[in-house]
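Below is run_25.pdb, holding PDB, C-alpha atoms, pLDDT in the B column.
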MODEL        1
ATOM      1  CA  MET A   1       2.769  66.801 178.913  1.00 60.00           C
ATOM      2  CA  LYS A   2      -0.663  68.094 179.858  1.00 63.00           C
ATOM      3  CA  SER A   3      -1.905  67.697 176.301  1.00 64.00           C
ATOM      4  CA  VAL A   4      -0.804  64.038 176.249  1.00 65.00           C
ATOM      5  CA  VAL A   5      -2.694  63.393 179.500  1.00 69.00           C
ATOM      6  CA  ALA A   6      -5.784  65.221 178.178  1.00 68.00           C
ATOM      7  CA  LEU A   7      -5.625  63.257 174.921  1.00 66.00           C
ATOM      8  CA  SER A   8      -5.368  59.972 176.823  1.00 69.00           C
ATOM      9  CA  LEU A   9      -8.329  60.858 179.041  1.00 67.00           C
ATOM     10  CA  PHE A  10     -10.412  61.819 176.012  1.00 68.00           C
ATOM     11  CA  ARG A  11      -9.547  58.683 174.046  1.00 68.00           C
ATOM     12  CA  LEU A  12     -10.293  56.393 176.989  1.00 72.00           C
ATOM     13  CA  GLY A  13     -13.528  58.173 177.918  1.00 72.00           C
ATOM     14  CA  PRO A  14     -16.917  57.266 176.487  1.00 71.00           C
ATOM     15  CA  ASP A  15     -17.160  60.347 174.239  1.00 67.00           C
ATOM     16  CA  GLY A  16     -13.685  59.793 172.806  1.00 69.00           C
ATOM     17  CA  ARG A  17     -14.420  56.153 172.052  1.00 67.00           C
ATOM     18  CA  ARG A  18     -17.693  57.118 170.390  1.00 65.00           C
ATOM     19  CA  ALA A  19     -15.978  59.745 168.262  1.00 63.00           C
ATOM     20  CA  SER A  20     -13.057  57.611 167.155  1.00 64.00           C
ATOM     21  CA  ARG A  21     -14.804  54.264 166.723  1.00 60.00           C
ATOM     22  CA  HIS A  22     -16.255  54.987 163.303  1.00 52.00           C
ATOM     23  CA  GLY A  23     -14.820  58.430 162.607  1.00 56.00           C
ATOM     24  CA  GLY A  24     -13.671  57.613 159.092  1.00 53.00           C
ATOM     25  CA  LYS A  25     -16.933  55.949 158.111  1.00 54.00           C
ATOM     26  CA  SER A  26     -19.642  58.482 158.840  1.00 59.00           C
ATOM     27  CA  GLY A  27     -22.354  56.317 157.244  1.00 62.00           C
ATOM     28  CA  TRP A  28     -21.661  53.466 159.641  1.00 60.00           C
ATOM     29  CA  GLY A  29     -21.307  55.863 162.536  1.00 58.00           C
ATOM     30  CA  ARG A  30     -24.740  57.356 161.852  1.00 60.00           C
ATOM     31  CA  ALA A  31     -26.337  53.970 161.263  1.00 63.00           C
ATOM     32  CA  LEU A  32     -25.042  52.658 164.579  1.00 61.00           C
ATOM     33  CA  ARG A  33     -25.879  55.992 166.279  1.00 61.00           C
ATOM     34  CA  LEU A  34     -22.258  56.423 167.368  1.00 57.00           C
ATOM     35  CA  PHE A  35     -21.684  59.796 165.723  1.00 57.00           C
ATOM     36  CA  ASP A  36     -24.789  61.938 165.982  1.00 64.00           C
ATOM     37  CA  ASP A  37     -25.410  65.687 165.826  1.00 68.00           C
ATOM     38  CA  GLY A  38     -24.587  66.112 169.508  1.00 71.00           C
ATOM     39  CA  MET A  39     -21.140  64.589 169.004  1.00 70.00           C
ATOM     40  CA  ASN A  40     -20.592  66.827 165.979  1.00 71.00           C
ATOM     41  CA  ALA A  41     -21.585  69.908 167.993  1.00 78.00           C
ATOM     42  CA  MET A  42     -19.287  68.864 170.847  1.00 76.00           C
ATOM     43  CA  ALA A  43     -16.346  68.457 168.444  1.00 75.00           C
ATOM     44  CA  TRP A  44     -16.897  71.926 166.963  1.00 81.00           C
ATOM     45  CA  PHE A  45     -17.324  73.471 170.420  1.00 87.00           C
ATOM     46  CA  LEU A  46     -14.153  71.887 171.777  1.00 81.00           C
ATOM     47  CA  GLY A  47     -12.198  72.937 168.680  1.00 81.00           C
ATOM     48  CA  GLY A  48     -13.341  76.535 169.010  1.00 86.00           C
ATOM     49  CA  ALA A  49     -12.729  76.592 172.757  1.00 87.00           C
ATOM     50  CA  LEU A  50      -9.200  75.248 172.354  1.00 81.00           C
ATOM     51  CA  ALA A  51      -8.446  77.768 169.591  1.00 80.00           C
ATOM     52  CA  GLY A  52      -9.686  80.599 171.806  1.00 84.00           C
ATOM     53  CA  LEU A  53      -7.642  79.313 174.737  1.00 85.00           C
ATOM     54  CA  ALA A  54      -4.534  79.167 172.551  1.00 79.00           C
ATOM     55  CA  GLY A  55      -5.142  82.759 171.471  1.00 78.00           C
ATOM     56  CA  ILE A  56      -5.527  83.874 175.086  1.00 84.00           C
ATOM     57  CA  PHE A  57      -2.242  82.255 176.071  1.00 83.00           C
ATOM     58  CA  ALA A  58      -0.345  83.498 173.008  1.00 78.00           C
ATOM     59  CA  ALA A  59      -1.587  87.096 173.072  1.00 79.00           C
ATOM     60  CA  PRO A  60       0.516  88.366 176.026  1.00 82.00           C
ATOM     61  CA  SER A  61       3.815  87.179 174.562  1.00 77.00           C
ATOM     62  CA  LYS A  62       3.163  87.908 170.871  1.00 73.00           C
ATOM     63  CA  GLY A  63       0.936  90.968 171.200  1.00 76.00           C
ATOM     64  CA  ILE A  64      -2.529  91.308 169.758  1.00 78.00           C
ATOM     65  CA  SER A  65      -2.384  91.978 166.031  1.00 76.00           C
ATOM     66  CA  PRO A  66      -3.889  90.561 162.847  1.00 74.00           C
ATOM     67  CA  GLU A  67      -0.586  88.782 162.147  1.00 72.00           C
ATOM     68  CA  LEU A  68      -0.939  86.718 165.353  1.00 68.00           C
ATOM     69  CA  ALA A  69      -3.177  84.194 163.628  1.00 73.00           C
ATOM     70  CA  ILE A  70      -0.819  83.757 160.680  1.00 78.00           C
ATOM     71  CA  SER A  71       2.183  82.869 162.826  1.00 75.00           C
ATOM     72  CA  MET A  72       0.188  80.452 164.985  1.00 78.00           C
ATOM     73  CA  ILE A  73      -1.526  78.780 162.026  1.00 82.00           C
ATOM     74  CA  THR A  74       1.795  78.375 160.232  1.00 86.00           C
ATOM     75  CA  ALA A  75       3.429  76.768 163.271  1.00 86.00           C
ATOM     76  CA  GLY A  76       0.411  74.503 163.807  1.00 86.00           C
ATOM     77  CA  PHE A  77       0.386  73.428 160.165  1.00 90.00           C
ATOM     78  CA  VAL A  78       4.110  72.665 160.162  1.00 91.00           C
ATOM     79  CA  ALA A  79       3.774  70.677 163.414  1.00 90.00           C
ATOM     80  CA  ALA A  80       0.821  68.698 162.048  1.00 89.00           C
ATOM     81  CA  VAL A  81       2.615  67.850 158.802  1.00 91.00           C
ATOM     82  CA  ILE A  82       5.800  66.859 160.615  1.00 91.00           C
ATOM     83  CA  GLY A  83       3.925  64.553 162.977  1.00 89.00           C
ATOM     84  CA  GLY A  84       1.429  63.203 160.479  1.00 86.00           C
ATOM     85  CA  ILE A  85      -1.606  65.120 159.301  1.00 84.00           C
ATOM     86  CA  ASP A  86      -4.045  62.323 160.177  1.00 81.00           C
ATOM     87  CA  SER A  87      -2.598  61.512 163.603  1.00 82.00           C
ATOM     88  CA  LEU A  88      -3.416  63.542 166.698  1.00 80.00           C
ATOM     89  CA  ARG A  89      -0.602  61.876 168.617  1.00 83.00           C
ATOM     90  CA  GLY A  90       1.745  62.666 165.736  1.00 86.00           C
ATOM     91  CA  ALA A  91       0.658  66.308 165.696  1.00 85.00           C
ATOM     92  CA  LEU A  92       1.447  66.580 169.413  1.00 86.00           C
ATOM     93  CA  PHE A  93       4.897  65.069 168.944  1.00 89.00           C
ATOM     94  CA  GLY A  94       5.414  67.176 165.815  1.00 90.00           C
ATOM     95  CA  GLY A  95       4.698  70.291 167.865  1.00 90.00           C
ATOM     96  CA  LEU A  96       7.166  69.162 170.500  1.00 91.00           C
ATOM     97  CA  ILE A  97       9.861  68.492 167.878  1.00 92.00           C
ATOM     98  CA  LEU A  98       9.185  71.822 166.168  1.00 92.00           C
ATOM     99  CA  GLY A  99       9.283  73.741 169.449  1.00 91.00           C
ATOM    100  CA  VAL A 100      12.596  72.203 170.491  1.00 93.00           C
ATOM    101  CA  ALA A 101      14.128  72.809 167.046  1.00 92.00           C
ATOM    102  CA  GLU A 102      12.986  76.466 166.964  1.00 91.00           C
ATOM    103  CA  THR A 103      14.232  77.088 170.519  1.00 92.00           C
ATOM    104  CA  LEU A 104      17.635  75.560 169.797  1.00 92.00           C
ATOM    105  CA  ALA A 105      17.921  77.558 166.576  1.00 91.00           C
ATOM    106  CA  ALA A 106      17.023  80.792 168.355  1.00 90.00           C
ATOM    107  CA  ALA A 107      19.469  80.077 171.177  1.00 91.00           C
ATOM    108  CA  TYR A 108      22.495  78.938 169.179  1.00 91.00           C
ATOM    109  CA  VAL A 109      22.120  80.464 165.714  1.00 89.00           C
ATOM    110  CA  SER A 110      19.870  83.535 165.618  1.00 85.00           C
ATOM    111  CA  SER A 111      16.340  84.399 166.651  1.00 82.00           C
ATOM    112  CA  ALA A 112      15.644  85.398 163.052  1.00 83.00           C
ATOM    113  CA  MET A 113      16.288  81.781 161.997  1.00 85.00           C
ATOM    114  CA  LYS A 114      13.280  80.332 163.851  1.00 84.00           C
ATOM    115  CA  ASN A 115      10.986  80.359 160.835  1.00 83.00           C
ATOM    116  CA  ALA A 116      13.739  79.197 158.492  1.00 89.00           C
ATOM    117  CA  VAL A 117      14.483  76.212 160.731  1.00 90.00           C
ATOM    118  CA  SER A 118      10.803  75.267 160.941  1.00 89.00           C
ATOM    119  CA  PHE A 119      10.400  75.309 157.160  1.00 91.00           C
ATOM    120  CA  LEU A 120      13.697  73.485 156.682  1.00 92.00           C
ATOM    121  CA  LEU A 121      12.464  70.797 159.068  1.00 92.00           C
ATOM    122  CA  LEU A 122       9.169  70.650 157.154  1.00 92.00           C
ATOM    123  CA  PHE A 123      11.041  70.329 153.860  1.00 94.00           C
ATOM    124  CA  LEU A 124      13.259  67.509 155.178  1.00 93.00           C
ATOM    125  CA  VAL A 125      10.337  65.566 156.638  1.00 92.00           C
ATOM    126  CA  LEU A 126       8.361  65.889 153.406  1.00 91.00           C
ATOM    127  CA  LEU A 127      11.355  64.642 151.419  1.00 94.00           C
ATOM    128  CA  TRP A 128      12.075  61.744 153.765  1.00 91.00           C
ATOM    129  CA  ARG A 129       8.569  60.666 154.908  1.00 89.00           C
ATOM    130  CA  PRO A 130       5.701  62.477 153.143  1.00 86.00           C
ATOM    131  CA  GLU A 131       3.127  60.844 155.448  1.00 87.00           C
ATOM    132  CA  GLY A 132       4.799  62.367 158.531  1.00 86.00           C
ATOM    133  CA  LEU A 133       6.892  60.890 161.307  1.00 85.00           C
ATOM    134  CA  PHE A 134       3.989  59.277 163.195  1.00 84.00           C
ATOM    135  CA  PRO A 135       1.233  58.373 160.693  1.00 81.00           C
ATOM    136  CA  GLU A 136      -1.899  56.505 161.710  1.00 76.00           C
ATOM    137  CA  ALA A 137      -2.012  52.840 160.791  1.00 71.00           C
ATOM    138  CA  LYS A 138      -4.029  52.350 157.626  1.00 70.00           C
ATOM    139  CA  ILE A 139      -6.399  49.436 157.188  1.00 63.00           C
ATOM    140  CA  GLN A 140      -6.637  48.435 153.559  1.00 64.00           C
ATOM    141  CA  ASP A 141      -9.956  47.229 152.218  1.00 59.00           C
ATOM    142  CA  VAL A 142      -9.676  44.265 149.910  1.00 59.00           C
TER     143      VAL A 142
ENDMDL
END
Exercise: express the given structure as structure tokens:
Amino acid sequence: MKSVVALSLFRLGPDGRRASRHGGKSGWGRALRLFDDGMNAMAWFLGGALAGLAGIFAAPSKGISPELAISMITAGFVAAVIGGIDSLRGALFGGLILGVAETLAAAYVSSAMKNAVSFLLLFLVLLWRPEGLFPEAKIQDV
């Protein structure tokens, strides 16, 4: 819930509007001075800060080991593909769907089935909707 609120605040704020206005067309964004080096640096900084924060929160429950990154990256990738790889809102909902499915599988089937359920869900979504459950609307150029 907090991530949805943070996403909404970012998208409605001036920096979020600047970043998303011409994000797909970097030439236009640079020409209109909407996406400059400062915005690029801010995006990289926020991405690194959020990754570090996720590692801090995950380390006490999973333990600190080299395999920590692999399990988190795998879960993040599966959530992003389920929700839609080009949609931030879809990735958030994909993470929520994946978390609920893994928790239910661990509670009612077996805790060893968590990874199997996540990859089964990934397989079913890729068979049914390869673009994800919540893809971004595409504007076609004519």
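Computed from the coordinates, the atom CA of A:Gly84 to atom CA of A:Leu127 distance equals 13.5 Å.
For the pair atom CA of A:Leu50 and atom CA of A:Ser118, the interatomic distance is 23.0 Å.
Closest to A:Glu131 among A:Ala58, A:Ala91, A:Gly83, A:Met72 is A:Gly83, based on only C-alpha atoms.
Between A:Trp128 and the candidates A:Leu96, A:Ile82, A:Met113, A:Ala107, the tightest atom-to-atom separation, counting all atoms listed in the file, involves A:Ile82.
Taking atom CA of A:Lys62 and atom CA of A:Val125 as the two end points, the separation is 27.4 Å.
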Discussion item. On this structure, the PyMOL selection byres ((chain A and resi 135) around 6) would catch which residues? List them as an MDAnalysis selection string, sorted by chain and number.
Written reply: chainID A and resid 84 87 132 134 136
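Each of A:Ile56, A:Met39, A:Ile97, A:Ala69 was compared to A:Val81 using only C-alpha atoms, and A:Ile97 turns out to be the nearest.
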Worksheet item: A:Ala59: which residues within 12 Å, counting all atoms listed in the file, same-chain residues fewer than 5 positions away excluded, as a ChimeraX atom specification?
Response: /A:52-54,64-69,71-72
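Of the residues listed (A:Leu92, A:Ala75, A:Val100, A:Ala80), A:Ala75 shows the shortest atom-to-atom separation from A:Phe119; distances use all atoms listed in the file.
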Worksheet item: A:Gly99: which residues within 10 Å, counting all atoms listed in the file, same-chain residues fewer than 5 positions away excluded, as a ChimeraX atom specification?
Response: /A:75,79,93-94,104-105,114,118
